[in-house]
>>> print(open('target_29.txt').read())   # compact mmCIF, C-alpha atoms
# COMPACT_ATOMS: atom_id res chain seq x y z
CA MET A 96 100.73 117.32 119.51
CA SER A 97 100.27 119.70 116.60
CA VAL A 98 100.43 123.47 116.87
CA GLY A 99 98.81 125.73 114.31
CA LEU A 100 100.37 129.07 113.39
CA PRO A 101 99.52 131.29 110.45
CA GLY A 102 100.85 129.48 107.38
CA ALA A 103 102.47 126.68 109.40
CA LEU A 104 101.73 123.45 111.19
CA VAL A 105 104.21 122.31 113.82
CA ARG A 106 104.22 118.68 114.80
CA PRO A 107 106.75 116.06 115.86
CA ILE A 108 108.66 114.56 112.94
CA ARG A 109 107.78 111.03 114.04
CA THR A 110 104.10 111.91 113.72
CA ALA A 111 104.58 113.42 110.27
CA VAL A 112 106.82 110.61 109.01
CA GLY A 113 104.55 108.02 110.61
CA GLU A 114 101.77 109.19 108.31
CA ALA A 115 103.91 108.26 105.31
CA ALA A 116 103.71 104.68 104.05
CA ASP A 117 107.40 104.53 103.05
CA GLY A 118 110.50 106.62 102.41
CA GLU A 119 109.22 107.94 99.09
CA ALA A 120 105.93 108.97 100.69
CA GLY A 121 107.95 110.67 103.43
CA LEU A 122 109.85 112.67 100.81
CA GLU A 123 106.56 113.64 99.17
CA LEU A 124 105.34 114.84 102.57
CA VAL A 125 108.45 117.05 102.86
CA ARG A 126 107.85 118.44 99.37
CA ARG A 127 104.15 119.07 100.03
CA GLU A 128 104.48 120.72 103.44
CA ARG A 129 106.88 123.39 104.60
CA VAL A 130 109.25 121.37 106.76
CA ILE A 131 111.92 122.64 109.12
CA VAL A 132 114.40 119.93 110.06
CA LEU A 133 115.24 120.30 113.74
CA THR A 134 118.23 118.15 114.66
CA THR A 135 121.29 117.78 116.85
CA PHE A 136 123.41 116.94 113.78
CA ASP A 137 124.91 119.95 112.03
CA THR A 138 126.73 118.31 109.15
CA ASP A 139 126.64 120.02 105.79
CA GLU A 140 125.76 116.70 104.13
CA MET A 141 122.62 116.30 106.25
CA ALA A 142 121.59 119.89 105.60
CA LEU A 143 122.14 119.54 101.85
CA THR A 144 120.19 116.29 101.73
CA ALA A 145 117.28 117.81 103.65
CA LEU A 146 117.24 120.90 101.45
CA ARG A 147 117.54 118.88 98.23
CA HIS A 148 114.47 116.94 99.30
CA GLY A 149 112.44 120.05 99.89
CA ALA A 150 112.98 121.07 103.51
CA ALA A 151 112.34 124.78 103.98
CA GLY A 152 114.68 125.07 106.93
CA PHE A 153 117.40 123.35 108.91
CA LEU A 154 117.92 124.29 112.56
CA LEU A 155 119.81 122.86 115.47
CA LYS A 156 117.93 121.77 118.58
CA ASP A 157 120.09 124.06 120.71
CA SER A 158 118.75 127.13 118.88
CA PRO A 159 117.24 129.68 121.27
CA PRO A 160 113.44 129.33 121.59
CA ALA A 161 112.89 132.78 120.08
CA ASP A 162 114.85 131.70 116.98
CA LEU A 163 112.70 128.58 116.64
CA VAL A 164 109.50 130.60 116.80
CA ASP A 165 110.92 133.10 114.31
CA ALA A 166 111.89 130.23 111.98
CA VAL A 167 108.36 128.82 112.03
CA HIS A 168 106.94 132.23 111.15
CA ARG A 169 109.51 132.76 108.37
CA VAL A 170 108.93 129.35 106.81
CA GLY A 171 105.18 129.81 107.20
CA ALA A 172 105.57 132.99 105.15
CA GLY A 173 107.52 131.12 102.47
CA ARG A 174 111.03 132.26 103.46
CA PRO A 175 113.70 129.58 104.07
CA ILE A 176 115.81 129.49 107.24
CA LEU A 177 119.15 127.91 108.22
CA SER A 178 121.03 127.82 111.52
CA PRO A 179 124.04 130.15 111.39
CA SER A 180 126.48 127.29 112.03
CA VAL A 181 124.92 125.28 109.19
CA THR A 182 125.12 128.29 106.89
CA ALA A 183 128.82 128.68 107.67
CA GLN A 184 129.46 124.98 106.98
CA LEU A 185 127.55 125.10 103.69
CA ILE A 186 129.51 128.15 102.56
CA ALA A 187 132.77 126.41 103.45
CA ALA A 188 131.69 123.23 101.63
CA VAL A 189 130.69 125.13 98.50
CA ALA A 190 133.86 127.21 98.56
CA ALA A 191 136.12 124.16 99.06
CA PRO A 192 138.11 123.22 95.97
CA GLY A 193 137.23 119.99 94.17
CA ASP A 194 136.04 116.62 95.40
CA ASP A 195 137.23 115.67 98.86
CA GLY A 196 137.39 112.00 97.94
CA ARG A 197 134.08 110.98 99.56
CA ARG A 198 132.59 109.80 96.29
CA ALA A 199 135.58 107.61 95.39
CA ARG A 200 135.75 106.15 98.92
CA ALA A 201 132.02 105.42 98.98
CA GLN A 202 132.10 103.85 95.51
CA ALA A 203 135.04 101.64 96.53
CA VAL A 204 133.16 100.45 99.61
CA LEU A 205 130.02 99.67 97.59
CA ASP A 206 132.11 97.79 95.02
CA ARG A 207 133.01 95.25 97.76
CA LEU A 208 129.35 94.25 98.16
CA THR A 209 127.62 91.32 96.50
CA ASP A 210 125.05 92.24 93.86
CA ARG A 211 122.19 91.52 96.29
CA GLU A 212 123.79 93.51 99.13
CA ARG A 213 124.23 96.40 96.72
CA GLU A 214 120.54 96.22 95.73
CA VAL A 215 119.55 96.28 99.41
CA ALA A 216 121.91 99.20 100.10
CA LEU A 217 120.46 101.19 97.18
CA ALA A 218 116.93 100.49 98.43
CA ILE A 219 117.89 101.69 101.91
CA GLY A 220 119.35 104.78 100.24
CA ARG A 221 115.89 105.38 98.74
CA GLY A 222 114.35 105.19 102.20
CA LEU A 223 112.64 101.82 101.85
CA SER A 224 111.77 99.72 104.90
CA ASN A 225 112.80 96.06 105.21
CA ALA A 226 109.27 95.01 104.23
CA ASP A 227 109.33 97.27 101.15
CA ILE A 228 112.75 95.94 100.14
CA ALA A 229 111.51 92.37 100.57
CA ARG A 230 108.54 93.05 98.28
CA GLU A 231 110.62 94.87 95.69
CA LEU A 232 113.38 92.25 95.54
CA TYR A 233 111.11 89.21 96.05
CA LEU A 234 112.83 88.24 99.30
CA GLY A 235 111.67 87.36 102.78
CA VAL A 236 111.94 90.07 105.43
CA ALA A 237 114.33 87.84 107.41
CA THR A 238 116.59 87.58 104.34
CA VAL A 239 116.58 91.37 103.97
CA LYS A 240 117.52 91.70 107.65
CA THR A 241 120.42 89.31 107.06
CA HIS A 242 121.65 91.45 104.15
CA VAL A 243 121.30 94.60 106.27
CA GLY A 244 123.43 92.94 108.95
CA HIS A 245 126.07 92.13 106.34
CA LEU A 246 125.96 95.76 105.19
CA PHE A 247 126.56 96.99 108.73
CA THR A 248 129.66 94.81 108.89
CA LYS A 249 131.03 95.42 105.39
CA LEU A 250 130.39 99.18 105.45
CA ASP A 251 131.52 99.46 109.09
CA VAL A 252 128.36 101.34 110.07
CA VAL A 253 125.85 101.01 112.90
CA ASN A 254 122.58 102.21 111.36
CA ARG A 255 120.60 102.52 108.15
CA VAL A 256 121.20 106.27 107.90
CA GLN A 257 124.91 105.60 107.51
CA ILE A 258 124.18 103.07 104.75
CA ALA A 259 122.03 105.67 102.98
CA ARG A 260 124.76 108.27 103.38
CA THR A 261 127.31 105.93 101.79
CA VAL A 262 124.94 105.37 98.84
CA HIS A 263 124.39 109.14 98.59
CA ASP A 264 128.13 109.87 98.74
CA ALA A 265 128.79 107.28 96.02
CA ASP A 266 126.20 109.04 93.85
CA VAL A 267 124.77 105.75 92.64
CA GLY A 268 121.25 105.94 94.16
>>> encode(input="target_29.txt", output="structure tokens")
Amino acid sequence: MSVGLPGALVRPIRTAVGEAADGEAGLELVRRERVIVLTTFDTDEMALTALRHGAAGFLLKDSPPADLVDAVHRVGAGRPILSPSVTAQLIAAVAAPGDDGRRARAQAVLDRLTDREREVALAIGRGLSNADIARELYLGVATVKTHVGHLFTKLDVVNRVQIARTVHDADVG
């Protein structure tokens, strides 16, 4: 379902992302359209990543309905919007002194990977699907899935987003 408002188009993220052929096309979609990320996750890292990739807003799903409508109108008019709790976290993150060690920890974890696992992790960090990774690295999809399984174990994660976050934190992607 899509809803049209002046200067805005509201539609489910799965519909919008489903129109993109791969992760890079999805990022282009975010850059081309005014996107508000609506999520249950209020981490400053997620908000920064979304904003760095062109999102015009970042709101939590528990925002009051009136705030959601207001956000759509603001973004439709070209004004960015952030949930108050996200704003507070971003201010705290920016004001925090120095590196909190995430980069060094993430780099150390990635250093434990084989060269091929590292290539697969970096590709996941770029948003590529298993099929895209297979094509890019001249592997079978089943082989890519095996490497992804090894990444889950070695990185102690349960999904691809966590792999991408590790790559992002290591600042190697």
>>> axis_aligned_box(input="target_29.txt", around="segment 141-152 of chain A", padding_each_side="4 Å", output="JSON")
{"center_x": 117.5, "center_y": 120.7, "center_z": 102.6, "size_x": 18.3, "size_y": 16.8, "size_z": 16.7}
>>> closest_residue(input="target_29.txt", among="A:Glu140, A:Asp227, A:Asp264, A:Glu212", to="Phe247 of chain A", atoms="all atoms listed in the file")
A:Glu212
>>> residues_around(input="target_29.txt", residues="Thr248 of chain A", least_positions_apart="5", cutoff="12 Å", atoms="all atoms listed in the file", output="PyMOL selection string")
chain A and resi 204+207-208+212+241-243+253-255+257-258
>>> atom_distance(input="target_29.txt", atom1="atom CA of Ile219 of chain A", atom2="atom CA of Arg260 of chain A")
9.6 Å
>>> atom_distance(input="target_29.txt", atom1="atom CA of Ala201 of chain A", atom2="atom CA of Val130 of chain A")
28.9 Å
>>> atom_distance(input="target_29.txt", atom1="atom CA of Arg200 of chain A", atom2="atom CA of Thr144 of chain A")
18.8 Å
>>> closest_residue(input="target_29.txt", among="A:Lys156, A:Val256, A:Asp210, A:Lys249", to="Leu223 of chain A", atoms="all atoms listed in the file")
A:Val256
>>> closest_residue(input="target_29.txt", among="A:Ile228, A:Ala218, A:Ile131, A:Ala151", to="Val164 of chain A", atoms="only C-alpha atoms")
A:Ile131
>>> closest_residue(input="target_29.txt", among="A:Leu250, A:Ala145, A:Ile176, A:Val132", to="Leu205 of chain A", atoms="all atoms listed in the file")
A:Leu250
>>> residues_near_point(input="target_29.txt", point="(114.0, 121.9, 112.8)", cutoff="10 Å", atoms="all atoms listed in the file", output="PDB file with C-alpha atoms, in the frame of the given file")
ATOM      1  CA  VAL A 105     104.210 122.310 113.820  1.00  0.00           C
ATOM      2  CA  PRO A 107     106.750 116.060 115.860  1.00  0.00           C
ATOM      3  CA  ILE A 108     108.660 114.560 112.940  1.00  0.00           C
ATOM      4  CA  VAL A 130     109.250 121.370 106.760  1.00  0.00           C
ATOM      5  CA  ILE A 131     111.920 122.640 109.120  1.00  0.00           C
ATOM      6  CA  VAL A 132     114.400 119.930 110.060  1.00  0.00           C
ATOM      7  CA  LEU A 133     115.240 120.300 113.740  1.00  0.00           C
ATOM      8  CA  THR A 134     118.230 118.150 114.660  1.00  0.00           C
ATOM      9  CA  THR A 135     121.290 117.780 116.850  1.00  0.00           C
ATOM     10  CA  ALA A 150     112.980 121.070 103.510  1.00  0.00           C
ATOM     11  CA  ALA A 151     112.340 124.780 103.980  1.00  0.00           C
ATOM     12  CA  GLY A 152     114.680 125.070 106.930  1.00  0.00           C
ATOM     13  CA  PHE A 153     117.400 123.350 108.910  1.00  0.00           C
ATOM     14  CA  LEU A 154     117.920 124.290 112.560  1.00  0.00           C
ATOM     15  CA  LEU A 155     119.810 122.860 115.470  1.00  0.00           C
ATOM     16  CA  LYS A 156     117.930 121.770 118.580  1.00  0.00           C
ATOM     17  CA  SER A 158     118.750 127.130 118.880  1.00  0.00           C
ATOM     18  CA  LEU A 163     112.700 128.580 116.640  1.00  0.00           C
ATOM     19  CA  ALA A 166     111.890 130.230 111.980  1.00  0.00           C
ATOM     20  CA  VAL A 167     108.360 128.820 112.030  1.00  0.00           C
ATOM     21  CA  ILE A 176     115.810 129.490 107.240  1.00  0.00           C
ATOM     22  CA  LEU A 177     119.150 127.910 108.220  1.00  0.00           C
ATOM     23  CA  SER A 178     121.030 127.820 111.520  1.00  0.00           C
TER      24      SER A 178
END
